[in-house]
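Raw contents of data-v9.txt, compact mmCIF, N, CA and C atoms:
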# COMPACT_ATOMS: atom_id res chain seq x y z
N MET Y 13 132.24 114.82 -2.60
CA MET Y 13 131.07 113.96 -2.65
C MET Y 13 129.97 114.51 -1.73
N ALA Y 14 130.17 115.67 -1.20
CA ALA Y 14 129.20 116.27 -0.31
C ALA Y 14 127.87 116.53 -1.01
N LEU Y 15 127.91 116.90 -2.29
CA LEU Y 15 126.67 117.17 -3.01
C LEU Y 15 125.84 115.90 -3.15
N LEU Y 16 126.47 114.79 -3.47
CA LEU Y 16 125.72 113.53 -3.57
C LEU Y 16 125.08 113.15 -2.24
N ASP Y 17 125.79 113.39 -1.14
CA ASP Y 17 125.23 113.11 0.18
C ASP Y 17 124.01 113.99 0.45
N GLN Y 18 124.13 115.27 0.10
CA GLN Y 18 123.03 116.21 0.28
C GLN Y 18 121.83 115.79 -0.59
N ILE Y 19 122.11 115.39 -1.82
CA ILE Y 19 121.06 114.94 -2.74
C ILE Y 19 120.34 113.73 -2.14
N GLN Y 20 121.09 112.78 -1.61
CA GLN Y 20 120.49 111.58 -1.03
C GLN Y 20 119.58 111.94 0.15
N ARG Y 21 120.06 112.84 1.02
CA ARG Y 21 119.23 113.27 2.16
C ARG Y 21 117.96 113.97 1.68
N ASP Y 22 118.10 114.82 0.68
CA ASP Y 22 116.94 115.54 0.15
C ASP Y 22 115.97 114.60 -0.54
N MET Y 23 116.49 113.57 -1.17
CA MET Y 23 115.64 112.59 -1.83
C MET Y 23 114.78 111.85 -0.81
N VAL Y 24 115.40 111.45 0.28
CA VAL Y 24 114.66 110.76 1.34
C VAL Y 24 113.60 111.69 1.94
N ALA Y 25 113.98 112.95 2.18
CA ALA Y 25 113.03 113.91 2.74
C ALA Y 25 111.86 114.15 1.79
N ALA Y 26 112.13 114.22 0.49
CA ALA Y 26 111.07 114.43 -0.50
C ALA Y 26 110.15 113.22 -0.56
N MET Y 27 110.71 112.02 -0.41
CA MET Y 27 109.87 110.81 -0.40
C MET Y 27 108.95 110.82 0.81
N LYS Y 28 109.51 111.16 1.97
CA LYS Y 28 108.71 111.17 3.20
C LYS Y 28 107.61 112.23 3.14
N ALA Y 29 107.92 113.38 2.53
CA ALA Y 29 106.95 114.47 2.44
C ALA Y 29 106.02 114.31 1.23
N LYS Y 30 106.26 113.30 0.42
CA LYS Y 30 105.47 113.03 -0.78
C LYS Y 30 105.45 114.24 -1.73
N GLU Y 31 106.61 114.85 -1.91
CA GLU Y 31 106.78 115.97 -2.84
C GLU Y 31 107.25 115.39 -4.18
N GLU Y 32 106.31 115.14 -5.07
CA GLU Y 32 106.61 114.45 -6.32
C GLU Y 32 107.55 115.23 -7.24
N VAL Y 33 107.31 116.53 -7.39
CA VAL Y 33 108.15 117.33 -8.29
C VAL Y 33 109.58 117.38 -7.76
N ARG Y 34 109.72 117.66 -6.46
CA ARG Y 34 111.05 117.73 -5.86
C ARG Y 34 111.75 116.37 -5.95
N LEU Y 35 111.02 115.32 -5.67
CA LEU Y 35 111.61 113.98 -5.73
C LEU Y 35 112.10 113.67 -7.14
N GLY Y 36 111.31 113.97 -8.14
CA GLY Y 36 111.71 113.72 -9.52
C GLY Y 36 112.96 114.51 -9.90
N ALA Y 37 113.00 115.78 -9.50
CA ALA Y 37 114.15 116.62 -9.84
C ALA Y 37 115.41 116.14 -9.12
N VAL Y 38 115.28 115.78 -7.86
CA VAL Y 38 116.44 115.32 -7.10
C VAL Y 38 116.95 113.99 -7.64
N ARG Y 39 116.04 113.11 -8.02
CA ARG Y 39 116.45 111.84 -8.63
C ARG Y 39 117.20 112.08 -9.94
N MET Y 40 116.70 113.02 -10.73
CA MET Y 40 117.34 113.34 -12.01
C MET Y 40 118.77 113.86 -11.77
N ILE Y 41 118.92 114.75 -10.80
CA ILE Y 41 120.24 115.29 -10.49
C ILE Y 41 121.18 114.17 -10.05
N LYS Y 42 120.69 113.32 -9.17
CA LYS Y 42 121.51 112.21 -8.68
C LYS Y 42 121.93 111.29 -9.81
N THR Y 43 121.01 110.98 -10.70
CA THR Y 43 121.30 110.11 -11.84
C THR Y 43 122.40 110.70 -12.71
N VAL Y 44 122.28 111.99 -13.02
CA VAL Y 44 123.28 112.64 -13.88
C VAL Y 44 124.65 112.66 -13.20
N LEU Y 45 124.68 112.95 -11.91
CA LEU Y 45 125.96 112.99 -11.20
C LEU Y 45 126.62 111.61 -11.16
N ILE Y 46 125.84 110.59 -10.88
CA ILE Y 46 126.40 109.23 -10.82
C ILE Y 46 126.85 108.76 -12.20
N LYS Y 47 126.07 109.11 -13.23
CA LYS Y 47 126.47 108.74 -14.60
C LYS Y 47 127.79 109.42 -14.96
N TRP Y 48 127.95 110.69 -14.60
CA TRP Y 48 129.19 111.40 -14.90
C TRP Y 48 130.36 110.71 -14.20
N GLN Y 49 130.16 110.32 -12.94
CA GLN Y 49 131.20 109.62 -12.20
C GLN Y 49 131.58 108.32 -12.89
N ALA Y 50 130.60 107.56 -13.32
CA ALA Y 50 130.86 106.28 -13.97
C ALA Y 50 131.56 106.47 -15.31
N ASP Y 51 131.14 107.48 -16.07
CA ASP Y 51 131.73 107.73 -17.38
C ASP Y 51 133.16 108.22 -17.30
N ASN Y 52 133.46 109.00 -16.28
CA ASN Y 52 134.78 109.62 -16.17
C ASN Y 52 135.72 108.89 -15.22
N SER Y 53 135.23 107.94 -14.49
CA SER Y 53 136.00 107.17 -13.52
C SER Y 53 136.84 108.07 -12.60
N ASN Y 54 136.35 109.25 -12.38
CA ASN Y 54 136.99 110.18 -11.44
C ASN Y 54 135.96 110.57 -10.39
N PRO Y 55 136.42 110.88 -9.19
CA PRO Y 55 135.46 111.38 -8.21
C PRO Y 55 134.99 112.78 -8.61
N LEU Y 56 133.78 113.10 -8.24
CA LEU Y 56 133.24 114.43 -8.54
C LEU Y 56 133.95 115.49 -7.71
N ASP Y 57 134.35 116.56 -8.35
CA ASP Y 57 134.87 117.70 -7.60
C ASP Y 57 133.87 118.84 -7.76
N GLU Y 58 134.10 119.92 -7.05
CA GLU Y 58 133.16 121.03 -7.03
C GLU Y 58 132.96 121.64 -8.41
N ALA Y 59 134.03 121.73 -9.19
CA ALA Y 59 133.93 122.32 -10.52
C ALA Y 59 133.06 121.45 -11.43
N ALA Y 60 133.22 120.13 -11.36
CA ALA Y 60 132.42 119.22 -12.18
C ALA Y 60 130.96 119.28 -11.76
N GLU Y 61 130.72 119.33 -10.46
CA GLU Y 61 129.34 119.42 -9.98
C GLU Y 61 128.67 120.69 -10.50
N LEU Y 62 129.37 121.80 -10.42
CA LEU Y 62 128.83 123.07 -10.89
C LEU Y 62 128.57 123.03 -12.39
N GLN Y 63 129.48 122.44 -13.14
CA GLN Y 63 129.30 122.33 -14.59
C GLN Y 63 128.07 121.48 -14.92
N ILE Y 64 127.90 120.37 -14.23
CA ILE Y 64 126.76 119.49 -14.47
C ILE Y 64 125.46 120.21 -14.13
N LEU Y 65 125.43 120.88 -13.00
CA LEU Y 65 124.22 121.60 -12.60
C LEU Y 65 123.91 122.73 -13.58
N SER Y 66 124.94 123.39 -14.07
CA SER Y 66 124.75 124.47 -15.06
C SER Y 66 124.13 123.91 -16.35
N ILE Y 67 124.60 122.75 -16.77
CA ILE Y 67 124.04 122.10 -17.97
C ILE Y 67 122.57 121.78 -17.75
N LEU Y 68 122.24 121.27 -16.56
CA LEU Y 68 120.85 120.93 -16.27
C LEU Y 68 119.96 122.17 -16.28
N VAL Y 69 120.46 123.28 -15.74
CA VAL Y 69 119.69 124.52 -15.75
C VAL Y 69 119.48 125.00 -17.19
N LYS Y 70 120.54 124.94 -17.98
CA LYS Y 70 120.44 125.37 -19.38
C LYS Y 70 119.42 124.52 -20.13
N GLN Y 71 119.43 123.21 -19.89
CA GLN Y 71 118.47 122.32 -20.54
C GLN Y 71 117.04 122.69 -20.14
N ARG Y 72 116.84 123.01 -18.87
CA ARG Y 72 115.50 123.39 -18.40
C ARG Y 72 115.05 124.68 -19.07
N LYS Y 73 115.96 125.66 -19.20
CA LYS Y 73 115.61 126.94 -19.83
C LYS Y 73 115.19 126.72 -21.28
N GLU Y 74 115.94 125.88 -21.99
CA GLU Y 74 115.59 125.59 -23.39
C GLU Y 74 114.24 124.89 -23.48
N SER Y 75 113.98 123.98 -22.57
CA SER Y 75 112.71 123.26 -22.56
C SER Y 75 111.55 124.22 -22.27
N ILE Y 76 111.77 125.14 -21.34
CA ILE Y 76 110.72 126.11 -21.00
C ILE Y 76 110.36 126.93 -22.23
N ASP Y 77 111.38 127.40 -22.95
CA ASP Y 77 111.13 128.18 -24.16
C ASP Y 77 110.35 127.36 -25.20
N MET Y 78 110.76 126.13 -25.40
CA MET Y 78 110.08 125.28 -26.39
C MET Y 78 108.63 125.01 -25.99
N PHE Y 79 108.41 124.72 -24.71
CA PHE Y 79 107.05 124.45 -24.26
C PHE Y 79 106.17 125.69 -24.38
N ARG Y 80 106.72 126.84 -24.03
CA ARG Y 80 105.93 128.08 -24.14
C ARG Y 80 105.59 128.38 -25.61
N ASN Y 81 106.55 128.16 -26.50
CA ASN Y 81 106.29 128.39 -27.92
C ASN Y 81 105.23 127.44 -28.47
N ALA Y 82 105.15 126.27 -27.87
CA ALA Y 82 104.16 125.28 -28.30
C ALA Y 82 102.83 125.45 -27.56
N GLY Y 83 102.76 126.42 -26.64
CA GLY Y 83 101.52 126.66 -25.91
C GLY Y 83 101.26 125.68 -24.79
N ARG Y 84 102.31 125.05 -24.28
CA ARG Y 84 102.16 124.06 -23.22
C ARG Y 84 102.63 124.66 -21.89
N GLU Y 85 101.80 125.51 -21.30
CA GLU Y 85 102.15 126.19 -20.05
C GLU Y 85 102.34 125.22 -18.90
N ASP Y 86 101.56 124.13 -18.87
CA ASP Y 86 101.67 123.16 -17.79
C ASP Y 86 103.06 122.52 -17.77
N ALA Y 87 103.56 122.14 -18.92
CA ALA Y 87 104.89 121.53 -19.01
C ALA Y 87 105.97 122.57 -18.70
N ALA Y 88 105.77 123.81 -19.14
CA ALA Y 88 106.74 124.88 -18.86
C ALA Y 88 106.81 125.15 -17.36
N ALA Y 89 105.68 125.13 -16.69
CA ALA Y 89 105.65 125.35 -15.24
C ALA Y 89 106.39 124.23 -14.50
N LYS Y 90 106.24 123.00 -14.98
CA LYS Y 90 106.95 121.86 -14.36
C LYS Y 90 108.45 122.02 -14.53
N GLU Y 91 108.87 122.43 -15.72
CA GLU Y 91 110.30 122.64 -15.98
C GLU Y 91 110.85 123.79 -15.12
N GLU Y 92 110.06 124.84 -14.92
CA GLU Y 92 110.49 125.95 -14.07
C GLU Y 92 110.69 125.49 -12.64
N ALA Y 93 109.78 124.65 -12.16
CA ALA Y 93 109.90 124.12 -10.80
C ALA Y 93 111.18 123.28 -10.67
N GLU Y 94 111.44 122.44 -11.67
CA GLU Y 94 112.66 121.63 -11.65
C GLU Y 94 113.90 122.51 -11.70
N MET Y 95 113.86 123.56 -12.53
CA MET Y 95 115.01 124.46 -12.65
C MET Y 95 115.30 125.13 -11.31
N ALA Y 96 114.27 125.54 -10.60
CA ALA Y 96 114.45 126.17 -9.29
C ALA Y 96 115.11 125.21 -8.30
N ILE Y 97 114.72 123.95 -8.39
CA ILE Y 97 115.31 122.94 -7.49
C ILE Y 97 116.78 122.73 -7.83
N VAL Y 98 117.10 122.62 -9.11
CA VAL Y 98 118.50 122.45 -9.52
C VAL Y 98 119.33 123.66 -9.08
N GLU Y 99 118.79 124.86 -9.29
CA GLU Y 99 119.51 126.08 -8.93
C GLU Y 99 119.76 126.17 -7.43
N SER Y 100 118.89 125.54 -6.63
CA SER Y 100 119.08 125.59 -5.17
C SER Y 100 120.36 124.88 -4.73
N TYR Y 101 120.90 124.01 -5.56
CA TYR Y 101 122.13 123.30 -5.24
C TYR Y 101 123.37 124.03 -5.76
N MET Y 102 123.16 125.12 -6.48
CA MET Y 102 124.27 125.86 -7.07
C MET Y 102 124.67 127.02 -6.16
N PRO Y 103 125.92 127.47 -6.27
CA PRO Y 103 126.31 128.64 -5.50
C PRO Y 103 125.58 129.88 -6.00
N ALA Y 104 125.60 130.91 -5.19
CA ALA Y 104 124.90 132.15 -5.56
C ALA Y 104 125.55 132.80 -6.76
N ALA Y 105 124.74 133.46 -7.54
CA ALA Y 105 125.25 134.22 -8.69
C ALA Y 105 125.82 135.55 -8.19
N PRO Y 106 126.85 136.05 -8.85
CA PRO Y 106 127.40 137.33 -8.42
C PRO Y 106 126.44 138.48 -8.75
N SER Y 107 126.49 139.52 -7.94
CA SER Y 107 125.65 140.68 -8.20
C SER Y 107 126.23 141.48 -9.36
N GLU Y 108 125.44 142.41 -9.87
CA GLU Y 108 125.91 143.27 -10.97
C GLU Y 108 127.16 144.03 -10.53
N ALA Y 109 127.16 144.50 -9.29
CA ALA Y 109 128.32 145.26 -8.78
C ALA Y 109 129.57 144.38 -8.72
N GLU Y 110 129.41 143.12 -8.31
CA GLU Y 110 130.55 142.20 -8.25
C GLU Y 110 131.10 141.92 -9.65
N ILE Y 111 130.20 141.76 -10.62
CA ILE Y 111 130.64 141.52 -11.99
C ILE Y 111 131.40 142.74 -12.51
N ASP Y 112 130.83 143.93 -12.30
CA ASP Y 112 131.48 145.16 -12.75
C ASP Y 112 132.85 145.34 -12.10
N ALA Y 113 132.94 145.05 -10.80
CA ALA Y 113 134.21 145.19 -10.09
C ALA Y 113 135.24 144.20 -10.62
N ALA Y 114 134.81 142.98 -10.92
CA ALA Y 114 135.73 141.96 -11.45
C ALA Y 114 136.23 142.36 -12.83
N ILE Y 115 135.34 142.92 -13.66
CA ILE Y 115 135.76 143.36 -14.99
C ILE Y 115 136.75 144.52 -14.88
N GLU Y 116 136.45 145.46 -14.01
CA GLU Y 116 137.35 146.61 -13.83
C GLU Y 116 138.72 146.14 -13.36
N ALA Y 117 138.74 145.24 -12.37
CA ALA Y 117 140.01 144.73 -11.86
C ALA Y 117 140.75 143.95 -12.94
N ALA Y 118 140.04 143.19 -13.75
CA ALA Y 118 140.66 142.42 -14.83
C ALA Y 118 141.25 143.35 -15.88
N MET Y 119 140.57 144.45 -16.17
CA MET Y 119 141.09 145.40 -17.16
C MET Y 119 142.35 146.09 -16.64
N VAL Y 120 142.34 146.43 -15.37
CA VAL Y 120 143.53 147.07 -14.78
C VAL Y 120 144.69 146.07 -14.76
N GLU Y 121 144.39 144.85 -14.34
CA GLU Y 121 145.42 143.81 -14.23
C GLU Y 121 146.05 143.49 -15.58
N THR Y 122 145.22 143.40 -16.61
CA THR Y 122 145.73 143.01 -17.94
C THR Y 122 146.15 144.21 -18.78
N GLY Y 123 145.71 145.39 -18.42
CA GLY Y 123 146.03 146.58 -19.19
C GLY Y 123 145.26 146.65 -20.51
N ALA Y 124 144.20 145.86 -20.63
CA ALA Y 124 143.43 145.80 -21.87
C ALA Y 124 142.44 146.96 -21.94
N THR Y 125 142.36 147.59 -23.11
CA THR Y 125 141.40 148.66 -23.33
C THR Y 125 140.71 148.55 -24.67
N GLU Y 126 141.04 147.54 -25.46
CA GLU Y 126 140.46 147.42 -26.80
C GLU Y 126 139.79 146.06 -26.96
N LYS Y 127 138.88 145.96 -27.91
CA LYS Y 127 138.10 144.74 -28.10
C LYS Y 127 138.96 143.52 -28.44
N GLY Y 128 140.12 143.71 -29.04
CA GLY Y 128 140.98 142.61 -29.40
C GLY Y 128 141.49 141.83 -28.19
N LYS Y 129 141.39 142.43 -27.02
CA LYS Y 129 141.88 141.79 -25.78
C LYS Y 129 140.73 141.24 -24.95
N MET Y 130 139.57 141.05 -25.57
CA MET Y 130 138.39 140.63 -24.83
C MET Y 130 138.59 139.27 -24.14
N GLY Y 131 139.21 138.33 -24.81
CA GLY Y 131 139.43 137.01 -24.23
C GLY Y 131 140.28 137.06 -22.97
N ILE Y 132 141.29 137.89 -22.99
CA ILE Y 132 142.17 138.03 -21.83
C ILE Y 132 141.40 138.59 -20.65
N VAL Y 133 140.59 139.63 -20.92
CA VAL Y 133 139.79 140.24 -19.85
C VAL Y 133 138.75 139.24 -19.33
N MET Y 134 138.12 138.50 -20.24
CA MET Y 134 137.11 137.50 -19.84
C MET Y 134 137.72 136.47 -18.90
N ASN Y 135 138.88 135.93 -19.27
CA ASN Y 135 139.53 134.92 -18.43
C ASN Y 135 139.90 135.47 -17.07
N ALA Y 136 140.43 136.68 -17.03
CA ALA Y 136 140.82 137.28 -15.75
C ALA Y 136 139.58 137.55 -14.90
N ALA Y 137 138.50 138.02 -15.50
CA ALA Y 137 137.27 138.29 -14.75
C ALA Y 137 136.66 136.99 -14.23
N LYS Y 138 136.68 135.94 -15.05
CA LYS Y 138 136.17 134.63 -14.60
C LYS Y 138 136.95 134.13 -13.40
N ALA Y 139 138.27 134.32 -13.43
CA ALA Y 139 139.10 133.88 -12.32
C ALA Y 139 138.73 134.63 -11.04
N LYS Y 140 138.42 135.90 -11.18
CA LYS Y 140 138.06 136.70 -10.01
C LYS Y 140 136.68 136.32 -9.46
N LEU Y 141 135.84 135.77 -10.32
CA LEU Y 141 134.49 135.38 -9.91
C LEU Y 141 134.37 133.87 -9.67
N ALA Y 142 135.49 133.20 -9.52
CA ALA Y 142 135.50 131.75 -9.33
C ALA Y 142 134.68 131.39 -8.09
N GLY Y 143 133.95 130.30 -8.19
CA GLY Y 143 133.14 129.83 -7.08
C GLY Y 143 131.73 130.40 -7.12
N LYS Y 144 131.47 131.29 -8.04
CA LYS Y 144 130.14 131.87 -8.19
C LYS Y 144 129.50 131.30 -9.46
N ARG Y 145 128.20 131.28 -9.50
CA ARG Y 145 127.47 130.81 -10.68
C ARG Y 145 127.43 131.98 -11.66
N LEU Y 146 128.12 131.84 -12.76
CA LEU Y 146 128.30 132.95 -13.68
C LEU Y 146 127.73 132.62 -15.04
N ASP Y 147 126.92 133.53 -15.58
CA ASP Y 147 126.40 133.40 -16.94
C ASP Y 147 127.42 134.02 -17.87
N GLY Y 148 128.04 133.20 -18.70
CA GLY Y 148 129.09 133.68 -19.60
C GLY Y 148 128.61 134.75 -20.57
N LYS Y 149 127.35 134.66 -20.99
CA LYS Y 149 126.81 135.66 -21.92
C LYS Y 149 126.72 137.03 -21.26
N VAL Y 150 126.28 137.07 -20.03
CA VAL Y 150 126.18 138.34 -19.30
C VAL Y 150 127.56 138.96 -19.15
N LEU Y 151 128.53 138.13 -18.76
CA LEU Y 151 129.90 138.63 -18.61
C LEU Y 151 130.44 139.12 -19.94
N SER Y 152 130.23 138.35 -20.99
CA SER Y 152 130.70 138.72 -22.32
C SER Y 152 130.12 140.06 -22.77
N ASP Y 153 128.82 140.23 -22.59
CA ASP Y 153 128.17 141.48 -22.99
C ASP Y 153 128.72 142.68 -22.22
N LYS Y 154 128.97 142.48 -20.93
CA LYS Y 154 129.49 143.57 -20.11
C LYS Y 154 130.94 143.92 -20.50
N VAL Y 155 131.73 142.89 -20.78
CA VAL Y 155 133.12 143.14 -21.19
C VAL Y 155 133.15 143.87 -22.54
N LYS Y 156 132.30 143.42 -23.48
CA LYS Y 156 132.22 144.09 -24.78
C LYS Y 156 131.88 145.56 -24.62
N ALA Y 157 130.92 145.85 -23.76
CA ALA Y 157 130.51 147.24 -23.55
C ALA Y 157 131.64 148.07 -22.96
N ARG Y 158 132.41 147.47 -22.08
CA ARG Y 158 133.51 148.21 -21.43
C ARG Y 158 134.68 148.42 -22.36
N LEU Y 159 134.92 147.50 -23.30
CA LEU Y 159 136.09 147.58 -24.16
C LEU Y 159 135.82 148.33 -25.48
N SER Y 160 134.69 148.96 -25.60
CA SER Y 160 134.43 149.65 -26.87
C SER Y 160 135.06 151.02 -26.95

Translate this file's structure into structure tokens.
Amino acid sequence: MALLDQIQRDMVAAMKAKEEVRLGAVRMIKTVLIKWQADNSNPLDEAAELQILSILVKQRKESIDMFRNAGREDAAAKEEAEMAIVESYMPAAPSEAEIDAAIEAAMVETGATEKGKMGIVMNAAKAKLAGKRLDGKVLSDKVKARLS
């Protein structure tokens, strides 16, 4: 529940500083986290928090694309600001070198060298990168390139 406590403190700080964009984004995050807790009747754990934040980032990215395609730069800029705030609560993303090292270790561990074993390598690499914010598409593309 540490994330909810941090969100509450940040919400109060944003209110005092009159930061409207930050306040709106933090309120949105808090609402989604509390709704998830109510819907699942389970306490939030770190994995659930990360999943929820990842969904929020993905939604912001999709909105940014739609707004840009519609020529609404002002709305896209607001979504980008919100996305940056949501990402600030997420763990750091692994570097390219860390991803490559995890894939290499997963391939050695599983003995996979062909595309048919991609799922096995993906799961092993994800396990090695646990606790990091990982884009599944980036990992998938890198694993495909290595297993060809």

Please provide as a JSON list (two decimals) with N, CA and C atoms, in the coordinates of the input all residues within 8 Å of Y:Lys140, with the sequence filter that same-chain residues fewer than 2 positions apart are discarded (counting all atoms listed in the file).
[["chain", "number", "residue", "atom", "x", "y", "z"],
["Y", 110, "GLU", "N", 129.41, 143.12, -8.31],
["Y", 110, "GLU", "CA", 130.55, 142.20, -8.25],
["Y", 110, "GLU", "C", 131.10, 141.92, -9.65],
["Y", 114, "ALA", "N", 134.81, 142.98, -10.92],
["Y", 114, "ALA", "CA", 135.73, 141.96, -11.45],
["Y", 114, "ALA", "C", 136.23, 142.36, -12.83],
["Y", 115, "ILE", "N", 135.34, 142.92, -13.66],
["Y", 115, "ILE", "CA", 135.76, 143.36, -14.99],
["Y", 115, "ILE", "C", 136.75, 144.52, -14.88],
["Y", 118, "ALA", "N", 140.04, 143.19, -13.75],
["Y", 118, "ALA", "CA", 140.66, 142.42, -14.83],
["Y", 118, "ALA", "C", 141.25, 143.35, -15.88],
["Y", 134, "MET", "N", 138.12, 138.50, -20.24],
["Y", 134, "MET", "CA", 137.11, 137.50, -19.84],
["Y", 134, "MET", "C", 137.72, 136.47, -18.90],
["Y", 135, "ASN", "N", 138.88, 135.93, -19.27],
["Y", 135, "ASN", "CA", 139.53, 134.92, -18.43],
["Y", 135, "ASN", "C", 139.90, 135.47, -17.07],
["Y", 136, "ALA", "N", 140.43, 136.68, -17.03],
["Y", 136, "ALA", "CA", 140.82, 137.28, -15.75],
["Y", 136, "ALA", "C", 139.58, 137.55, -14.90],
["Y", 137, "ALA", "N", 138.50, 138.02, -15.50],
["Y", 137, "ALA", "CA", 137.27, 138.29, -14.75],
["Y", 137, "ALA", "C", 136.66, 136.99, -14.23],
["Y", 138, "LYS", "N", 136.68, 135.94, -15.05],
["Y", 138, "LYS", "CA", 136.17, 134.63, -14.60],
["Y", 138, "LYS", "C", 136.95, 134.13, -13.40],
["Y", 142, "ALA", "N", 135.49, 133.20, -9.52],
["Y", 142, "ALA", "CA", 135.50, 131.75, -9.33],
["Y", 142, "ALA", "C", 134.68, 131.39, -8.09],
["Y", 143, "GLY", "N", 133.95, 130.30, -8.19],
["Y", 143, "GLY", "CA", 133.14, 129.83, -7.08],
["Y", 143, "GLY", "C", 131.73, 130.40, -7.12],
["Y", 144, "LYS", "N", 131.47, 131.29, -8.04],
["Y", 144, "LYS", "CA", 130.14, 131.87, -8.19],
["Y", 144, "LYS", "C", 129.50, 131.30, -9.46]]

Pick out the residues sitting within 8 Å of Y:Met102, and hand them over as a PyMOL selection string; count all atoms listed in the file, and ignore anything fewer than 3 positions along from it in its own chain.
-> chain Y and resi 61-62+65-66+97-99+105+143-145

Atomic distance atom CA of Y:Gly83 - atom N of Y:Lys149, expressed in Å with one decimal =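 Atom N of Y:Lys149 lies at a distance of 27.5 Å from atom CA of Y:Gly83.
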
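Minimum distance to Y:Ala93 across Y:Ala37, Y:Met130, Y:Ile19, Y:Ala25 (counting only C-alpha atoms) occurs at Y:Ala37.
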
With all atoms listed in the file as the basis for distance, which of Y:Lys42, Y:Lys127, Y:Ile132, Y:Gln71 is at the shortest distance from Y:Lys156?
->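 Selected residue with least distance to Y:Lys156: Y:Lys127.
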
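The interatomic distance for the pair atom N of Y:Ala50 and atom CA of Y:Ile64 works out to 12.6 Å.
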
Judged by only C-alpha atoms, the minimum distance to Y:Val133 among Y:Val155, Y:Ala88, Y:Ile67, Y:Ala113 is found for Y:Val155

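Distance check against Y:Glu92 using all atoms listed in the file: of Y:Lys30, Y:Lys73, Y:Ser107, Y:Glu126, the minimum falls on Y:Lys73.
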
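Using all atoms listed in the file, the shortest contact distance between Y:Ala89 and any of Y:Lys70, Y:Ala109, Y:Ile76, Y:Met23 is found at Y:Ile76.
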
Would you give me, as an MDAnalysis selection string, the residues in stretch 75-112 of chain Y that DSSP reads as alpha helix (DSSP H)?
-> chainID Y and resid 75:81 85:99 108:112

Could you jot down the atom N of Y:Glu74 to atom N of Y:Asp112 separation for me, Å, one decimal place?
->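 For atom N of Y:Glu74 relative to atom N of Y:Asp112, the distance reads 25.3 Å.
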
Counting only C-alpha atoms, figure out which residue out of Y:Asp147, Y:Asp57, Y:Glu94, Y:Asp51 gets nearest to Y:Ala14.
->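 Selected residue with least distance to Y:Ala14: Y:Asp57.
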